[in-house]
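Peer 1: Here you go, coords-v7.cif (mmCIF, C-alpha atoms and all ligand atoms):
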data_entry
loop_
_atom_site.group_PDB
_atom_site.id
_atom_site.type_symbol
_atom_site.label_atom_id
_atom_site.label_comp_id
_atom_site.auth_asym_id
_atom_site.auth_seq_id
_atom_site.Cartn_x
_atom_site.Cartn_y
_atom_site.Cartn_z
ATOM 1 C CA MET A 193 -17.648 41.037 -136.607
ATOM 2 C CA CYS A 194 -19.436 38.927 -139.175
ATOM 3 C CA HIS A 195 -23.080 37.979 -139.234
ATOM 4 C CA ALA A 196 -23.361 34.563 -140.759
ATOM 5 C CA LEU A 197 -24.591 33.825 -137.219
ATOM 6 C CA LEU A 198 -28.076 34.740 -138.301
ATOM 7 C CA GLN A 199 -27.862 31.847 -140.769
ATOM 8 C CA THR A 200 -26.849 29.509 -137.948
ATOM 9 C CA PRO A 201 -29.816 27.613 -136.503
ATOM 10 C CA SER A 202 -28.059 27.034 -133.163
ATOM 11 C CA PHE A 203 -27.641 30.795 -132.636
ATOM 12 C CA CYS A 204 -31.331 31.429 -133.288
ATOM 13 C CA ALA A 205 -32.239 28.486 -131.048
ATOM 14 C CA LEU A 206 -30.188 30.117 -128.300
ATOM 15 C CA LEU A 207 -32.071 33.403 -128.746
ATOM 16 C CA ARG A 208 -35.338 31.509 -128.437
ATOM 17 C CA ARG A 209 -34.187 29.769 -125.248
ATOM 18 C CA ILE A 210 -33.317 33.155 -123.735
ATOM 19 C CA ASP A 211 -36.826 34.371 -124.611
ATOM 20 C CA GLU A 212 -38.295 31.256 -123.014
ATOM 21 C CA ASP A 213 -36.347 31.972 -119.811
ATOM 22 C CA LEU A 214 -37.600 35.572 -119.825
ATOM 23 C CA ALA A 215 -41.185 34.330 -120.289
ATOM 24 C CA ARG A 216 -40.790 31.763 -117.510
ATOM 25 C CA ALA A 217 -39.640 34.443 -115.065
ATOM 26 C CA VAL A 218 -42.716 36.555 -115.899
ATOM 27 C CA ARG A 219 -45.026 33.546 -115.628
ATOM 28 C CA ASP A 220 -43.599 32.646 -112.198
ATOM 29 C CA ARG A 221 -44.599 36.061 -110.867
ATOM 30 C CA GLY A 222 -48.232 35.582 -111.898
ATOM 31 C CA CYS A 223 -50.560 38.236 -113.258
ATOM 32 C CA CYS A 224 -49.372 41.733 -112.328
ATOM 33 C CA HIS A 225 -52.992 42.906 -112.146
ATOM 34 C CA CYS A 226 -54.619 40.239 -109.982
ATOM 35 C CA GLY A 227 -51.922 37.693 -109.054
ATOM 36 C CA GLU A 228 -53.643 34.739 -110.713
ATOM 37 C CA PRO A 229 -51.654 32.245 -112.836
ATOM 38 C CA LEU A 230 -50.617 33.141 -116.370
ATOM 39 C CA HIS A 231 -51.025 30.821 -119.349
ATOM 40 C CA SER A 232 -49.203 30.755 -122.663
ATOM 41 C CA THR A 233 -50.966 32.539 -125.506
ATOM 42 C CA ASP A 234 -48.142 32.965 -127.964
ATOM 43 C CA TYR A 235 -48.881 34.677 -131.194
ATOM 44 C CA PRO A 236 -47.457 33.896 -134.609
ATOM 45 C CA ARG A 237 -44.843 36.178 -136.125
ATOM 46 C CA LYS A 238 -43.310 36.223 -139.560
ATOM 47 C CA PRO A 239 -40.306 38.445 -139.012
ATOM 48 C CA ARG A 240 -39.042 40.083 -142.149
ATOM 49 C CA GLY A 241 -35.491 39.259 -143.143
ATOM 50 C CA CYS A 242 -35.450 36.046 -141.147
ATOM 51 C CA PRO A 243 -33.293 33.431 -142.887
ATOM 52 C CA ALA A 244 -35.073 30.175 -143.728
ATOM 53 C CA ALA A 245 -32.802 28.255 -141.369
ATOM 54 C CA ALA A 246 -33.898 30.394 -138.426
ATOM 55 C CA ARG A 247 -37.599 30.705 -139.199
ATOM 56 C CA VAL A 248 -38.719 27.888 -136.919
ATOM 57 C CA GLU A 249 -37.041 29.592 -133.955
ATOM 58 C CA CYS A 250 -38.504 32.998 -134.746
ATOM 59 C CA ASP A 251 -42.092 32.217 -135.729
ATOM 60 C CA THR A 252 -43.766 33.011 -132.396
ATOM 61 C CA ARG A 253 -43.727 35.908 -129.997
ATOM 62 C CA LEU A 254 -44.083 34.437 -126.528
ATOM 63 C CA SER A 255 -47.012 35.919 -124.686
ATOM 64 C CA LEU A 256 -49.027 35.152 -121.563
ATOM 65 C CA CYS A 257 -52.645 35.629 -120.593
ATOM 66 C CA CYS A 258 -54.191 35.731 -117.119
ATOM 67 C CA ALA A 259 -56.452 32.799 -116.261
ATOM 68 C CA ASP A 260 -58.745 35.114 -114.343
ATOM 69 C CA CYS A 261 -58.797 38.715 -115.584
ATOM 70 C CA ARG A 262 -57.760 37.686 -119.137
ATOM 71 C CA ARG A 263 -55.264 40.518 -119.427
ATOM 72 C CA ARG A 264 -52.285 39.801 -121.611
ATOM 73 C CA THR A 265 -48.655 40.128 -120.564
ATOM 74 C CA THR A 266 -45.976 40.023 -123.226
ATOM 75 C CA PRO A 267 -42.532 39.292 -121.815
ATOM 76 C CA GLU A 268 -39.484 41.020 -123.169
ATOM 77 C CA SER A 269 -37.606 39.413 -126.000
ATOM 78 C CA VAL A 270 -34.107 39.313 -127.425
ATOM 79 C CA ARG A 271 -35.562 38.356 -130.813
ATOM 80 C CA PHE A 272 -38.130 41.138 -131.218
ATOM 81 C CA VAL A 273 -37.717 44.808 -130.339
ATOM 82 C CA ASP A 274 -40.474 47.381 -130.026
ATOM 83 C CA ARG A 275 -43.084 46.563 -132.698
ATOM 84 C CA ARG A 276 -40.591 46.132 -135.504
ATOM 85 C CA VAL A 277 -41.292 43.526 -138.147
ATOM 86 C CA TYR A 278 -37.572 42.762 -138.418
ATOM 87 C CA LEU A 279 -35.616 40.735 -135.877
ATOM 88 C CA SER A 280 -33.870 42.842 -133.225
ATOM 89 C CA ILE A 281 -30.442 41.816 -134.362
ATOM 90 C CA ILE A 282 -31.160 43.157 -137.858
ATOM 91 C CA VAL A 283 -32.470 46.447 -136.448
ATOM 92 C CA VAL A 284 -29.296 46.842 -134.375
ATOM 93 C CA LEU A 285 -26.742 45.898 -136.995
ATOM 94 C CA ARG A 286 -28.371 47.587 -140.003
ATOM 95 C CA SER A 287 -28.862 50.831 -138.046
ATOM 96 C CA SER A 288 -25.188 50.996 -137.184
ATOM 97 C CA ARG A 289 -22.989 53.473 -139.023
ATOM 98 C CA THR A 290 -19.801 52.060 -137.581
ATOM 99 C CA HIS A 291 -17.224 51.362 -140.220
ATOM 100 C CA GLY A 292 -15.742 47.929 -140.019
ATOM 101 C CA VAL A 293 -18.989 46.276 -138.989
ATOM 102 C CA CYS A 294 -19.461 43.439 -141.425
ATOM 103 C CA LEU A 295 -23.007 43.190 -142.702
ATOM 104 C CA ASP A 296 -22.556 39.981 -144.703
ATOM 105 C CA GLY A 297 -25.516 37.659 -144.474
ATOM 106 C CA LEU A 298 -27.863 40.373 -143.219
ATOM 107 C CA PRO A 299 -30.943 41.138 -145.310
ATOM 108 C CA GLN A 300 -31.104 44.442 -147.150
ATOM 109 C CA VAL A 301 -33.337 47.086 -145.613
ATOM 110 C CA GLY A 302 -34.944 49.896 -147.614
ATOM 111 C CA TRP A 303 -33.683 53.434 -147.022
ATOM 112 C CA ALA A 304 -37.026 54.645 -145.677
ATOM 113 C CA THR A 305 -37.045 51.880 -143.064
ATOM 114 C CA LEU A 306 -33.443 52.574 -142.133
ATOM 115 C CA LYS A 307 -34.181 56.282 -141.792
ATOM 116 C CA ARG A 308 -37.115 55.481 -139.480
ATOM 117 C CA TRP A 309 -34.979 53.166 -137.349
ATOM 118 C CA ARG A 310 -32.175 55.683 -137.000
ATOM 119 C CA GLN A 311 -34.686 58.362 -136.062
ATOM 120 C CA TRP A 312 -36.086 56.041 -133.392
ATOM 121 C CA TRP A 313 -32.583 55.362 -132.015
ATOM 122 C CA SER A 314 -31.688 59.047 -131.872
ATOM 123 C CA GLU A 315 -35.023 60.577 -130.822
ATOM 124 C CA ALA A 316 -37.147 58.014 -128.982
ATOM 125 C CA PHE A 317 -34.742 55.426 -127.638
ATOM 126 C CA PRO A 318 -32.632 57.680 -125.327
ATOM 127 C CA SER A 319 -35.705 58.661 -123.316
ATOM 128 C CA THR A 320 -37.043 55.109 -122.909
ATOM 129 C CA PRO A 321 -36.360 53.465 -119.516
ATOM 130 C CA VAL A 322 -33.662 51.303 -121.071
ATOM 131 C CA GLY A 323 -32.116 54.268 -122.900
ATOM 132 C CA ARG A 324 -31.891 56.257 -119.648
ATOM 133 C CA TRP A 325 -30.514 53.238 -117.803
ATOM 134 C CA LEU A 326 -27.848 52.672 -120.452
ATOM 135 C CA ARG A 327 -26.729 56.301 -120.434
ATOM 136 C CA GLY A 328 -25.647 55.885 -116.833
ATOM 137 C CA ARG A 329 -23.628 52.801 -117.680
ATOM 138 C CA LEU A 330 -21.729 53.840 -120.770
ATOM 139 C CA GLN A 331 -18.404 55.639 -120.522
ATOM 140 C CA PRO A 332 -19.136 59.356 -120.210
ATOM 141 C CA SER A 333 -18.582 61.229 -123.449
ATOM 142 C CA PRO A 334 -18.703 64.928 -124.365
ATOM 143 C CA GLU A 335 -20.422 63.919 -127.608
ATOM 144 C CA PRO A 336 -24.023 62.715 -127.605
ATOM 145 C CA PHE A 337 -24.259 58.944 -127.706
ATOM 146 C CA VAL A 338 -25.058 57.583 -131.140
ATOM 147 C CA TYR A 339 -27.113 54.420 -130.781
ATOM 148 C CA PRO A 340 -26.654 51.601 -131.554
ATOM 149 C CA ASP A 341 -23.015 52.299 -132.464
ATOM 150 C CA CYS A 342 -21.998 53.179 -128.921
ATOM 151 C CA LEU A 343 -23.334 49.809 -127.737
ATOM 152 C CA LEU A 344 -21.442 47.937 -130.420
ATOM 153 C CA GLN A 345 -18.288 49.756 -129.384
ATOM 154 C CA ALA A 346 -18.824 49.323 -125.657
ATOM 155 C CA VAL A 347 -19.568 45.610 -125.604
ATOM 156 C CA GLN A 348 -16.642 43.330 -126.278
ATOM 157 C CA HIS A 349 -16.650 39.579 -125.807
ATOM 158 C CA HIS A 350 -14.490 36.695 -126.903
ATOM 159 C CA THR A 351 -16.936 35.378 -129.460
ATOM 160 C CA GLN A 352 -19.299 37.227 -131.757
ATOM 161 C CA ASP A 353 -22.363 35.303 -130.579
ATOM 162 C CA GLU A 354 -21.638 36.224 -126.944
ATOM 163 C CA ARG A 355 -21.139 39.821 -127.968
ATOM 164 C CA LEU A 356 -24.371 40.074 -129.935
ATOM 165 C CA ILE A 357 -26.370 38.366 -127.214
ATOM 166 C CA ALA A 358 -24.905 40.737 -124.621
ATOM 167 C CA ILE A 359 -26.035 43.695 -126.757
ATOM 168 C CA LEU A 360 -29.533 42.255 -127.257
ATOM 169 C CA ARG A 361 -29.801 41.674 -123.502
ATOM 170 C CA LEU A 362 -28.802 45.295 -122.811
ATOM 171 C CA LEU A 363 -31.798 46.393 -124.857
ATOM 172 C CA LEU A 364 -34.209 44.660 -122.494
ATOM 173 C CA ASN A 365 -35.846 46.904 -119.975
ATOM 174 C CA PRO A 366 -33.889 47.023 -116.723
ATOM 175 C CA ILE A 367 -35.769 45.391 -113.866
HETATM 176 ZN ZN ZN A 401 -55.109 38.790 -113.893
#
Would you give me this structure, written as structure tokens?
Ligand SMILES: [Zn+2]
Peer 2:
Amino acid sequence: MCHALLQTPSFCALLRRIDEDLARAVRDRGCCHCGEPLHSTDYPRKPRGCPAAARVECDTRLSLCCADCRRRTTPESVRFVDRRVYLSIIVVLRSSRTHGVCLDGLPQVGWATLKRWRQWWSEAFPSTPVGRWLRGRLQPSPEPFVYPDCLLQAVQHHTQDERLIAILRLLLNPI
């Protein structure tokens, strides 16, 4: 698997369109507190490690605000995970220890950041709703699952963009 994809504007545009679909679905349901309509109140993001070619597709986090009670709802995203300043795809691929994963074209990440990410994958992620949901869907194993490697191994698709998008979608909270 090679990651020049992150340098490909059409791949990043596809990630943005997926986020727009996710936001539309949330908007259609209305405010979860009072049921009134939601309006767009996106906020700017400057994700670290985002290639220049992809910046325009990754410069906002889509967010919604209630017209009535003013509470904010931030839909899930395949571009941004948790509160990380790096794009999700970088967090997934850089955290992986799997040999044979090609990291060409991915930005370098400092060791302290990488250590923090791997700690999050091993300690916090398995007990999140999505971590618990995934555990029931991966092939049972006597060894503890090592994230994100077990996802990279479990998800196979014909093309690398389909595969990466499938992995990013798995990291969304199950509904
Ligand atoms: Zn409301």
Peer 1: If the PyMOL selection byres (((chain A and resi 269-285) around 7) and not hetatm) were run on this exact file, what residues would it hold? Put them as a PDB file with C-alpha atoms, in the frame of the given file.
Peer 2:
ATOM      1  CA  LEU A 207     -32.071  33.403-128.746  1.00  0.00           C
ATOM      2  CA  ASP A 211     -36.826  34.371-124.611  1.00  0.00           C
ATOM      3  CA  PRO A 239     -40.306  38.445-139.012  1.00  0.00           C
ATOM      4  CA  ARG A 240     -39.042  40.083-142.149  1.00  0.00           C
ATOM      5  CA  GLY A 241     -35.491  39.259-143.143  1.00  0.00           C
ATOM      6  CA  PRO A 267     -42.532  39.292-121.815  1.00  0.00           C
ATOM      7  CA  GLU A 268     -39.484  41.020-123.169  1.00  0.00           C
ATOM      8  CA  ARG A 286     -28.371  47.587-140.003  1.00  0.00           C
ATOM      9  CA  SER A 287     -28.862  50.831-138.046  1.00  0.00           C
ATOM     10  CA  SER A 288     -25.188  50.996-137.184  1.00  0.00           C
ATOM     11  CA  LEU A 298     -27.863  40.373-143.219  1.00  0.00           C
ATOM     12  CA  PRO A 340     -26.654  51.601-131.554  1.00  0.00           C
ATOM     13  CA  LEU A 360     -29.533  42.255-127.257  1.00  0.00           C
ATOM     14  CA  ARG A 361     -29.801  41.674-123.502  1.00  0.00           C
TER      15      ARG A 361
END
Peer 1: Which centre and which edge lengths, in Å to one decimal, describe the axis-aligned box that holds all listed atoms of region 301-317 of chain A after 6 Å is added on each side, as lines of an AutoDock Vina configuration file?
Peer 2:
center_x = -34.4
center_y = 53.8
center_z = -137.6
size_x = 17.5
size_y = 25.5
size_z = 32.0
Peer 1: So that each row is one residue of chain A with an atom at most 12 Å from ligand ZN 401 (chain A), can you give its shortest atom pair and the distance in Å to one decimal, using all atoms listed in the file, rows by chain and rising number, as a tab-separated table?
Peer 2:
residue	atom	partner	partner_atom	distance
A:Arg219	CA	A:ZN401	ZN	11.5
A:Arg221	CA	A:ZN401	ZN	11.3
A:Gly222	CA	A:ZN401	ZN	7.8
A:Cys223	CA	A:ZN401	ZN	4.6
A:Cys224	CA	A:ZN401	ZN	6.6
A:His225	CA	A:ZN401	ZN	4.9
A:Cys226	CA	A:ZN401	ZN	4.2
A:Gly227	CA	A:ZN401	ZN	5.9
A:Glu228	CA	A:ZN401	ZN	5.4
A:Pro229	CA	A:ZN401	ZN	7.5
A:Leu230	CA	A:ZN401	ZN	7.6
A:His231	CA	A:ZN401	ZN	10.5
A:Leu256	CA	A:ZN401	ZN	10.4
A:Cys257	CA	A:ZN401	ZN	7.8
A:Cys258	CA	A:ZN401	ZN	4.5
A:Ala259	CA	A:ZN401	ZN	6.6
A:Asp260	CA	A:ZN401	ZN	5.2
A:Cys261	CA	A:ZN401	ZN	4.1
A:Arg262	CA	A:ZN401	ZN	6.0
A:Arg263	CA	A:ZN401	ZN	5.8
A:Arg264	CA	A:ZN401	ZN	8.3
A:Thr265	CA	A:ZN401	ZN	9.4
Peer 1: Which polymer residues, whether protein, DNA or RNA, lie within 10 Å of the coordinate (-46.7, 34.3, -133.8) when you count all atoms listed in the file? List them as an NGL selection string, using the chain letters and numbers from the file.
Peer 2: :A and (233-239 or 250-255)
Peer 1: Go ahead and write the residues just picked, C-alpha atoms, as a JSON list (two decimals), keeping the file's coordinate frame.
Peer 2:
[["chain", "number", "residue", "atom", "x", "y", "z"],
["A", 233, "THR", "CA", -50.97, 32.54, -125.51],
["A", 234, "ASP", "CA", -48.14, 32.97, -127.96],
["A", 235, "TYR", "CA", -48.88, 34.68, -131.19],
["A", 236, "PRO", "CA", -47.46, 33.90, -134.61],
["A", 237, "ARG", "CA", -44.84, 36.18, -136.12],
["A", 238, "LYS", "CA", -43.31, 36.22, -139.56],
["A", 239, "PRO", "CA", -40.31, 38.44, -139.01],
["A", 250, "CYS", "CA", -38.50, 33.00, -134.75],
["A", 251, "ASP", "CA", -42.09, 32.22, -135.73],
["A", 252, "THR", "CA", -43.77, 33.01, -132.40],
["A", 253, "ARG", "CA", -43.73, 35.91, -130.00],
["A", 254, "LEU", "CA", -44.08, 34.44, -126.53],
["A", 255, "SER", "CA", -47.01, 35.92, -124.69]]
Peer 1: When you look at region 315-323 of chain A with a cut-off of 10 Å (counting only C-alpha atoms), what residues show up, excluding the ones that are within fewer than 2 positions of it in the same chain? I need them as a list in words.
Peer 2: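 Contacts, in chain order: Trp309, Arg310, Gln311, Trp312, Trp313, Trp325, Leu326, Arg327, Gly328, Phe337, Val338, Tyr339, Pro340, Leu362, Leu363, Leu364, Asn365, Pro366 and Ile367 of chain A.
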Peer 1: Compare A:Pro243, A:Pro332, A:Gly297, A:Gly302 by their minimum atom-to-atom distance to Pro201 (chain A), counting only C-alpha atoms, and give me the closest one.
Peer 2: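 The shortest atom-to-atom distance to Pro201 (chain A) comes from A:Pro243.
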Peer 1: Name the residues that the PyMOL selection byres (((chain A and resi 355) around 12) and not hetatm) picks from the file above, as a list in words, using the file's chain letters and numbers.
Peer 2: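 So the PyMOL selection byres (((chain A and resi 355) around 12) and not hetatm), applied here, picks out Met193, Cys194, His195, Leu197, Ile281, Leu343, Leu344, Gln345, Ala346, Val347, Gln348, His349, His350, Thr351, Gln352, Asp353, Glu354, Leu356, Ile357, Ala358, Ile359, Leu360, Arg361 and Leu362 of chain A.
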